[in-house]
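J.: What follows is entry-v3.cif, mmCIF, C-alpha atoms and all ligand atoms.
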```cif
data_protein
#
loop_
_atom_site.label_atom_id
_atom_site.label_comp_id
_atom_site.auth_asym_id
_atom_site.auth_seq_id
_atom_site.Cartn_x
_atom_site.Cartn_y
_atom_site.Cartn_z
CA MET J 1 74.82 83.48 20.73
CA LYS J 2 72.97 84.64 23.75
CA ILE J 3 72.25 88.01 22.22
CA VAL J 4 71.10 86.48 18.94
CA SER J 5 68.74 84.05 20.62
CA ARG J 6 67.36 86.79 22.83
CA PHE J 7 66.86 88.98 19.81
CA MET J 8 65.12 86.17 17.96
CA ARG J 9 62.84 85.45 20.87
CA ALA J 10 61.90 89.10 21.13
CA GLY J 11 61.21 89.12 17.39
CA LEU J 12 58.97 86.06 17.61
CA LEU J 13 57.10 87.44 20.56
CA GLY J 14 56.64 90.71 18.75
CA ALA J 15 55.29 88.93 15.67
CA ALA J 16 52.93 86.81 17.75
CA PHE J 17 51.69 89.90 19.56
CA ALA J 18 51.15 91.76 16.30
CA SER J 19 49.18 88.94 14.66
CA ALA J 20 47.08 88.45 17.81
CA ALA J 21 46.27 92.16 17.79
CA ILE J 22 45.35 92.15 14.10
CA GLY J 23 43.29 88.97 14.41
CA GLY J 24 41.18 90.40 17.24
CA ALA J 25 43.34 89.12 20.11
CA LYS J 26 42.72 85.50 19.25
CA ALA J 27 45.57 82.98 19.48
CA GLU J 28 45.97 80.48 16.65
CA ASP J 29 45.57 76.76 17.28
CA SER J 30 48.80 74.81 17.51
CA ALA J 31 49.81 72.75 14.46
CA ASP J 32 50.54 69.78 16.76
CA PRO J 33 48.08 66.91 16.43
CA ILE J 34 45.15 66.77 18.83
CA LYS J 35 45.17 63.27 20.35
CA ILE J 36 41.69 61.76 20.13
CA ILE J 37 41.01 58.66 22.24
CA LEU J 38 39.67 55.45 20.68
CA ASN J 39 37.96 52.79 22.83
CA ASN J 40 36.56 49.34 22.16
CA TRP J 41 32.87 49.86 21.33
CA SER J 42 31.45 50.99 18.03
CA SER J 43 29.65 54.29 18.63
CA GLN J 44 32.73 55.63 20.43
CA VAL J 45 35.05 54.77 17.57
CA VAL J 46 32.66 56.15 14.94
CA PHE J 47 32.17 59.49 16.70
CA ALA J 48 35.86 59.78 17.59
CA ASN J 49 36.47 59.58 13.83
CA VAL J 50 33.59 61.98 13.11
CA VAL J 51 35.05 64.72 15.32
CA GLY J 52 38.54 63.92 14.00
CA GLN J 53 37.43 64.28 10.38
CA LEU J 54 35.52 67.47 11.19
CA LEU J 55 38.61 68.91 12.92
CA GLU J 56 40.68 68.04 9.84
CA LYS J 57 38.15 69.90 7.68
CA GLN J 58 38.86 72.89 9.92
CA GLY J 59 42.59 72.56 9.23
CA LYS J 60 43.59 70.89 12.51
CA ALA J 61 45.97 67.97 12.80
CA VAL J 62 44.61 64.94 14.66
CA GLU J 63 45.99 61.65 15.86
CA TYR J 64 43.90 58.68 17.06
CA VAL J 65 45.15 56.94 20.18
CA PRO J 66 43.65 53.67 21.41
CA SER J 67 43.30 53.62 25.19
CA ASP J 68 42.07 51.56 28.09
CA GLY J 69 38.61 52.55 29.36
CA GLN J 70 39.91 53.54 32.80
CA LEU J 71 43.58 54.51 32.29
CA GLN J 72 42.53 57.02 29.60
CA PHE J 73 41.35 59.41 32.30
CA MET J 74 44.74 59.84 33.91
CA ALA J 75 46.20 60.24 30.42
CA LEU J 76 43.79 63.18 29.92
CA ALA J 77 44.79 64.70 33.26
CA ASN J 78 48.46 64.35 32.25
CA ASN J 79 47.98 65.91 28.77
CA ASP J 80 49.09 62.63 27.15
CA MET J 81 45.73 62.48 25.34
CA ASP J 82 43.37 65.34 24.55
CA PHE J 83 39.79 64.35 23.84
CA GLN J 84 37.23 61.68 24.74
CA ILE J 85 33.84 61.79 22.98
CA GLU J 86 31.98 59.29 25.26
CA VAL J 87 32.28 59.32 29.04
CA TRP J 88 29.61 56.95 30.40
CA GLU J 89 28.40 57.43 33.94
CA GLY J 90 27.93 53.70 34.48
CA SER J 91 31.41 52.74 33.26
CA HIS J 92 33.61 55.73 33.91
CA HIS J 93 32.24 57.90 36.69
CA GLU J 94 34.84 57.13 39.36
CA SER J 95 37.84 57.40 37.01
CA PHE J 96 36.40 60.53 35.40
CA VAL J 97 35.84 62.33 38.71
CA LYS J 98 39.43 61.54 39.76
CA SER J 99 40.80 62.82 36.45
CA VAL J 100 38.86 66.11 36.73
CA ALA J 101 40.25 66.56 40.25
CA ALA J 102 43.71 66.05 38.69
CA GLY J 103 43.17 68.69 35.98
CA ALA J 104 41.24 67.06 33.13
CA LEU J 105 38.24 68.99 31.79
CA ASP J 106 34.54 68.19 31.72
CA LEU J 107 33.62 69.41 28.21
CA GLY J 108 29.87 69.09 28.64
CA THR J 109 27.02 66.60 28.48
CA HIS J 110 25.38 65.09 25.40
CA ASP J 111 21.58 65.10 25.19
CA ALA J 112 21.77 61.28 25.16
CA VAL J 113 20.69 59.50 28.36
CA THR J 114 22.41 56.20 29.04
CA ARG J 115 21.97 52.90 30.80
CA GLU J 116 24.41 49.99 31.03
CA ASP J 117 23.43 46.81 32.82
CA TRP J 118 22.46 43.14 32.68
CA TRP J 119 20.01 42.55 29.83
CA TYR J 120 17.94 39.59 28.56
CA PRO J 121 15.77 38.77 25.53
CA SER J 122 12.00 39.07 26.07
CA TYR J 123 11.28 35.42 25.26
CA MET J 124 12.77 34.65 28.69
CA ASN J 125 9.79 36.26 30.46
CA GLU J 126 7.94 32.91 30.20
CA MET J 127 10.91 30.77 31.26
CA CYS J 128 11.66 32.91 34.31
CA PRO J 129 8.42 34.28 35.82
CA GLY J 130 8.85 37.62 37.56
CA LEU J 131 11.47 39.10 35.23
CA PRO J 132 12.83 41.74 34.92
CA ASP J 133 13.23 41.68 38.73
CA TRP J 134 16.72 40.51 39.72
CA LYS J 135 15.36 38.10 42.32
CA ALA J 136 13.34 36.36 39.61
CA LEU J 137 16.51 36.08 37.55
CA ASP J 138 18.37 34.68 40.53
CA ALA J 139 15.62 32.09 41.07
CA CYS J 140 16.09 31.10 37.42
CA ALA J 141 19.88 30.71 37.67
CA GLU J 142 19.76 26.97 36.95
CA LYS J 143 18.36 27.61 33.46
CA LEU J 144 21.38 29.78 32.71
CA ALA J 145 23.94 27.29 34.02
CA THR J 146 26.64 26.09 31.61
CA ALA J 147 29.48 23.56 31.79
CA GLU J 148 31.72 26.48 32.69
CA THR J 149 29.61 27.79 35.57
CA GLY J 150 28.45 24.49 37.07
CA THR J 151 25.26 24.98 39.10
CA LYS J 152 25.46 28.75 38.84
CA GLY J 153 23.86 30.87 36.18
CA ARG J 154 26.18 32.42 33.61
CA PHE J 155 26.24 36.18 33.22
CA VAL J 156 28.07 37.11 30.01
CA GLY J 157 30.03 40.11 31.22
CA PRO J 158 31.82 42.99 29.51
CA PRO J 159 35.55 43.36 28.81
CA ALA J 160 37.49 44.01 32.02
CA ASP J 161 38.34 47.65 31.32
CA TRP J 162 34.70 48.77 31.31
CA GLY J 163 34.85 49.11 35.09
CA LYS J 164 31.60 47.42 36.02
CA HIS J 165 32.25 45.54 39.31
CA TYR J 166 29.75 42.81 38.44
CA SER J 167 31.48 40.01 40.34
CA GLU J 168 31.32 42.28 43.40
CA ARG J 169 27.61 42.90 42.74
CA ILE J 170 26.93 39.15 42.50
CA GLU J 171 28.68 38.67 45.81
CA ALA J 172 27.10 41.68 47.53
CA LEU J 173 23.60 40.53 46.50
CA GLY J 174 24.35 36.86 47.24
CA MET J 175 23.34 35.78 43.74
CA ASN J 176 23.70 32.27 42.38
CA PHE J 177 25.55 33.60 39.32
CA GLN J 178 29.03 33.72 37.89
CA GLU J 179 30.36 36.40 35.57
CA VAL J 180 32.09 35.12 32.43
CA PRO J 181 33.60 38.21 30.81
CA VAL J 182 34.18 38.52 27.08
CA GLY J 183 37.39 39.91 25.57
CA GLN J 184 35.64 42.23 23.13
CA ALA J 185 32.17 43.62 22.40
CA ALA J 186 31.72 41.54 19.23
CA THR J 187 31.64 38.40 21.39
CA LEU J 188 28.68 39.79 23.36
CA TRP J 189 26.68 40.19 20.15
CA ALA J 190 27.72 36.76 18.80
CA GLU J 191 26.58 35.12 22.06
CA LEU J 192 23.28 37.03 21.95
CA GLN J 193 22.64 36.14 18.30
CA ALA J 194 23.36 32.44 18.88
CA ALA J 195 21.00 32.26 21.88
CA TYR J 196 18.34 34.40 20.17
CA ASP J 197 18.24 32.16 17.08
CA ARG J 198 17.50 29.12 19.28
CA LYS J 199 15.36 30.97 21.85
CA GLU J 200 17.76 29.87 24.56
CA PRO J 201 18.07 31.77 27.82
CA ILE J 202 20.93 34.25 28.09
CA VAL J 203 21.71 37.23 30.29
CA LEU J 204 24.48 39.51 29.15
CA PHE J 205 25.92 42.98 29.47
CA ASN J 206 24.30 45.53 27.18
CA TRP J 207 23.73 49.27 27.07
CA THR J 208 21.63 51.97 25.54
CA PRO J 209 21.97 53.82 23.18
CA ASN J 210 23.19 50.88 21.11
CA PHE J 211 22.24 49.16 17.83
CA ILE J 212 20.84 46.22 19.84
CA GLU J 213 17.50 47.92 20.54
CA ALA J 214 16.65 48.06 16.81
CA LYS J 215 17.50 44.39 16.24
CA PHE J 216 16.60 42.40 19.37
CA GLU J 217 13.67 42.55 21.77
CA GLY J 218 14.67 42.59 25.40
CA GLN J 219 14.96 44.43 28.69
CA PHE J 220 17.38 45.35 31.43
CA ILE J 221 17.24 43.40 34.68
CA GLU J 222 15.90 45.62 37.47
CA PHE J 223 18.37 45.57 40.36
CA PRO J 224 17.97 47.63 43.57
CA VAL J 225 17.68 51.20 42.33
CA PHE J 226 21.00 53.05 42.12
CA GLU J 227 21.93 55.81 44.53
CA PRO J 228 25.46 57.24 44.61
CA GLU J 229 26.02 55.94 48.17
CA CYS J 230 25.74 52.40 46.80
CA TRP J 231 29.21 52.84 45.27
CA SER J 232 30.83 54.34 48.36
CA ASP J 233 28.99 53.39 51.56
CA PRO J 234 28.87 49.70 52.53
CA ALA J 235 26.03 50.41 55.01
CA TRP J 236 23.78 51.55 52.15
CA GLY J 237 21.53 48.93 50.59
CA GLN J 238 20.54 45.42 51.44
CA ASN J 239 24.07 44.20 52.17
CA PRO J 240 25.31 46.20 55.19
CA ASP J 241 28.95 45.18 54.63
CA LYS J 242 29.46 45.70 50.91
CA ILE J 243 29.25 48.34 48.21
CA TYR J 244 27.89 47.57 44.68
CA ASP J 245 24.63 46.04 46.02
CA CYS J 246 22.58 47.95 43.41
CA GLY J 247 22.00 48.37 39.68
CA ALA J 248 23.77 50.91 37.48
CA PRO J 249 22.22 54.39 37.01
CA ALA J 250 19.11 53.96 34.84
CA LYS J 251 19.38 57.53 33.49
CA GLY J 252 23.12 58.00 33.33
CA TYR J 253 24.97 60.89 31.75
CA LEU J 254 27.11 60.79 28.63
CA LYS J 255 29.82 63.43 28.69
CA LYS J 256 32.84 64.64 26.77
CA ALA J 257 36.21 65.10 28.41
CA GLY J 258 39.42 66.89 27.44
CA SER J 259 42.95 67.57 28.57
CA LYS J 260 43.73 70.94 30.13
CA GLN J 261 46.19 71.64 27.30
CA LEU J 262 43.34 71.25 24.78
CA VAL J 263 41.87 74.67 25.62
CA GLU J 264 45.31 76.27 25.84
CA LYS J 265 46.96 74.86 22.69
CA TRP J 266 43.88 74.53 20.47
CA PRO J 267 41.27 77.09 21.63
CA ASP J 268 39.29 76.96 18.34
CA ALA J 269 39.18 73.18 18.34
CA ALA J 270 38.18 73.18 22.02
CA ALA J 271 35.32 75.61 21.31
CA PHE J 272 34.10 73.26 18.56
CA LEU J 273 34.41 70.13 20.72
CA LYS J 274 32.45 71.78 23.54
CA LYS J 275 29.53 72.26 21.12
CA VAL J 276 29.44 68.64 19.95
CA ASN J 277 26.16 67.19 21.26
CA LEU J 278 24.49 63.93 20.21
CA THR J 279 21.23 62.13 20.98
CA ASN J 280 20.26 58.52 21.75
CA PRO J 281 19.13 57.72 18.18
CA GLN J 282 22.35 59.22 16.81
CA PHE J 283 24.54 56.99 19.00
CA ALA J 284 22.42 53.91 18.23
CA SER J 285 22.48 54.43 14.48
CA ALA J 286 26.22 55.18 14.46
CA ALA J 287 26.86 51.85 16.19
CA ALA J 288 24.62 50.14 13.61
CA LEU J 289 26.74 51.48 10.73
CA VAL J 290 29.55 49.26 12.04
CA ASP J 291 27.82 46.41 13.90
CA VAL J 292 24.95 45.85 11.43
CA ASP J 293 26.05 47.36 8.12
CA GLY J 294 29.68 46.28 8.47
CA LEU J 295 31.35 49.60 7.60
CA THR J 296 34.77 50.39 9.01
CA PRO J 297 34.59 53.11 11.69
CA GLU J 298 36.44 55.49 9.34
CA ASP J 299 33.94 54.93 6.51
CA ALA J 300 31.03 55.10 8.95
CA ALA J 301 32.31 58.49 10.12
CA THR J 302 32.65 59.80 6.56
CA LYS J 303 29.12 58.63 5.77
CA TRP J 304 27.77 60.14 8.99
CA ILE J 305 29.32 63.50 8.13
CA ALA J 306 27.87 63.38 4.61
CA ASP J 307 24.39 62.51 5.92
CA ASN J 308 24.24 64.82 8.95
CA GLU J 309 25.42 68.25 7.93
CA ALA J 310 22.45 69.89 9.66
CA THR J 311 23.64 68.42 12.94
CA TRP J 312 27.35 69.26 12.78
CA LYS J 313 27.37 72.54 10.84
CA PRO J 314 26.25 74.61 13.87
CA TRP J 315 29.13 73.16 15.93
CA THR J 316 31.62 74.71 13.51
CA GLU J 317 30.14 78.21 13.62
C1 LIG H 1 30.79 52.06 28.00
N1 LIG H 1 29.88 51.13 27.32
C2 LIG H 1 29.05 51.83 26.33
C3 LIG H 1 30.67 50.10 26.60
O1 LIG H 1 29.09 50.51 28.22
#
```
Could you render the structure as structure tokens?
Ligand code: TMO
T.:
Amino acid sequence: MKIVSRFMRAGLLGAAFASAAIGGAKAEDSADPIKIILNNWSSQVVFANVVGQLLEKQGKAVEYVPSDGQLQFMALANNDMDFQIEVWEGSHHESFVKSVAAGALDLGTHDAVTREDWWYPSYMNEMCPGLPDWKALDACAEKLATAETGTKGRFVGPPADWGKHYSERIEALGMNFQEVPVGQAATLWAELQAAYDRKEPIVLFNWTPNFIEAKFEGQFIEFPVFEPECWSDPAWGQNPDKIYDCGAPAKGYLKKAGSKQLVEKWPDAAAFLKKVNLTNPQFASAAALVDVDGLTPEDAATKWIADNEATWKPWTE
């Protein structure tokens, strides 16, 4: 038995060596599926499917794995998942940095520049003089009060796993506001649409690039300008005892991340994924395919691939 298995192993190694030598010393990608992460906002799910479908066109096996916006990063470091198409500075920076320290890979930065923060429709400029300054919003809190928030203004916040620390920000800045988080992104847009139709005041979580900018007129609230120390040093900023007394980065990065096994098991796929690079209008219009046009993310991805060959072809070469 021992001899046979040893002989077989030697034979396999020999065959692998021979084919590597013939093929120009290049290892073949594993036939195992590459695990692509899915999150809970539209552009992410569309482009996760776009890269998945493009990998399948290249003969790779893929599997889509839904994951939590923060826990996904340790899963990448542990090789339990392999690829994330959208790492947002404002939502993911801390978890991402920890995962890279633990072995996950930074696979490069998209051309897109991002911002995620409190946002309001422009018709509120008259109701709350001084907007978009956060102090003007705070002075206007009463107009945003609801049965749920009593005398405080309501901030319609994001799902919990987006890692925003807004309740801490409200406290650190001493604002007369209360965060009421939604369970899913669709509820943000339903709340915005309902308020917008009646020209009622609302302040909610939003981001760019997103389909919102093509459909609604509005702006981000301007909080104290972000510096990295705001997230780590309580002494920084106007509250000497607390972190998070600032806005989110106004020109945040959007990155891709991978597992360390990605480059080892699937070197061709990893080379392709490193080249994937998208712009603000591309993220915004991909979100619109789902949130405005009502396509499923899978169909949106297929359509995107059909319509954008000039963009993706160079990534495959
Ligand atoms: C990470 N996100 C785009 C939902 O703000």
J.: Report as a tab-separated table the residues of chain J within 6 Å of ligand LIG 1 (chain H), each with its shortest atom pair and distance in Å (one decimal), using all atoms listed in the file, ordered by chain and increasing residue number.
T.:
```
residue	atom	partner	partner_atom	distance
J:Trp41	CA	H:LIG1	C3	5.7
J:Trp88	CA	H:LIG1	C1	5.6
J:Ser91	CA	H:LIG1	C1	5.3
J:Glu116	CA	H:LIG1	O1	5.5
J:Trp207	CA	H:LIG1	O1	5.6
```
J.: Find the spatial neighbours of stretch 244-253 of chain J, counting only C-alpha atoms, within a cut-off of 8 Å - ignore same-chain residues fewer than 5 positions away - and output them as a PyMOL selection string.
T.: chain J and resi 87-90+109-110+112-117+165+168-169+172-173+222-227+230-231+237-239
J.: Rank nothing, just name the residue among J:Lys265, J:Lys255, J:Lys274, J:Lys313 nearest to J:Asp29, using only C-alpha atoms.
T.: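 Closest to J:Asp29, using only C-alpha atoms: J:Lys265.
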J.: With all atoms listed in the file as the atoms that count, which of J:Gln53, J:Ser95, J:Gln70, J:Asn176 lies nearest to J:Asn39?
T.: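 Among J:Gln53, J:Ser95, J:Gln70, J:Asn176, it is J:Gln70 that comes nearest to J:Asn39.
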J.: Report the centre and edge lengths, in Å to one decimal, of an axis-aligned box enclosing every atom of stretch 161-177 of chain J listed in the file, padded by 6 Å on each side, as AutoDock Vina command-line options.
T.:
```
--center_x 30.8 --center_y 40.7 --center_z 39.4 --size_x 27.0 --size_y 28.8 --size_z 28.2
```
J.: I'd like the neighbourhood of stretch 288-293 of chain J as a PyMOL selection string, where a residue qualifies if any of its atoms comes within 10 Å (using all atoms listed in the file), though same-chain residues fewer than 2 positions away should be ignored.
T.: chain J and resi 41-43+45-46+185-186+189+210-212+214-215+282-286+295-301+303-304
J.: Okay, now the selection with C-alpha atoms, as a PDB file, keeping the file's coordinate frame?
T.:
```
ATOM      1  CA  TRP J  41      32.870  49.860  21.330  1.00  0.00           C
ATOM      2  CA  SER J  42      31.450  50.990  18.030  1.00  0.00           C
ATOM      3  CA  SER J  43      29.650  54.290  18.630  1.00  0.00           C
ATOM      4  CA  VAL J  45      35.050  54.770  17.570  1.00  0.00           C
ATOM      5  CA  VAL J  46      32.660  56.150  14.940  1.00  0.00           C
ATOM      6  CA  ALA J 185      32.170  43.620  22.400  1.00  0.00           C
ATOM      7  CA  ALA J 186      31.720  41.540  19.230  1.00  0.00           C
ATOM      8  CA  TRP J 189      26.680  40.190  20.150  1.00  0.00           C
ATOM      9  CA  ASN J 210      23.190  50.880  21.110  1.00  0.00           C
ATOM     10  CA  PHE J 211      22.240  49.160  17.830  1.00  0.00           C
ATOM     11  CA  ILE J 212      20.840  46.220  19.840  1.00  0.00           C
ATOM     12  CA  ALA J 214      16.650  48.060  16.810  1.00  0.00           C
ATOM     13  CA  LYS J 215      17.500  44.390  16.240  1.00  0.00           C
ATOM     14  CA  GLN J 282      22.350  59.220  16.810  1.00  0.00           C
ATOM     15  CA  PHE J 283      24.540  56.990  19.000  1.00  0.00           C
ATOM     16  CA  ALA J 284      22.420  53.910  18.230  1.00  0.00           C
ATOM     17  CA  SER J 285      22.480  54.430  14.480  1.00  0.00           C
ATOM     18  CA  ALA J 286      26.220  55.180  14.460  1.00  0.00           C
ATOM     19  CA  LEU J 295      31.350  49.600   7.600  1.00  0.00           C
ATOM     20  CA  THR J 296      34.770  50.390   9.010  1.00  0.00           C
ATOM     21  CA  PRO J 297      34.590  53.110  11.690  1.00  0.00           C
ATOM     22  CA  GLU J 298      36.440  55.490   9.340  1.00  0.00           C
ATOM     23  CA  ASP J 299      33.940  54.930   6.510  1.00  0.00           C
ATOM     24  CA  ALA J 300      31.030  55.100   8.950  1.00  0.00           C
ATOM     25  CA  ALA J 301      32.310  58.490  10.120  1.00  0.00           C
ATOM     26  CA  LYS J 303      29.120  58.630   5.770  1.00  0.00           C
ATOM     27  CA  TRP J 304      27.770  60.140   8.990  1.00  0.00           C
TER      28      TRP J 304
END
```
J.: To one decimal in Å, tell me the separation between atom CA of J:Asp106 and atom CA of J:Asn280.
T.: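 Separation of atom CA of J:Asp106 and atom CA of J:Asn280: 19.9 Å.
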J.: Would you compute the distance between atom CA of J:Val62 and atom CA of J:Asp32? Give it in Å to one decimal.
T.: 7.9 Å
J.: So how far away is atom CA of J:Lys256 from atom CA of J:Phe216, in Å?
T.: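 Distance between the two atoms: 28.5 Å.
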J.: Quick one: residues within 9 Å of stretch 148-158 of chain J, all atoms listed in the file, excluding same-chain residues fewer than 4 positions away - as a ChimeraX atom specification?
T.: /J:118,138,140-144,162-164,166,175-185,188,191,202-206
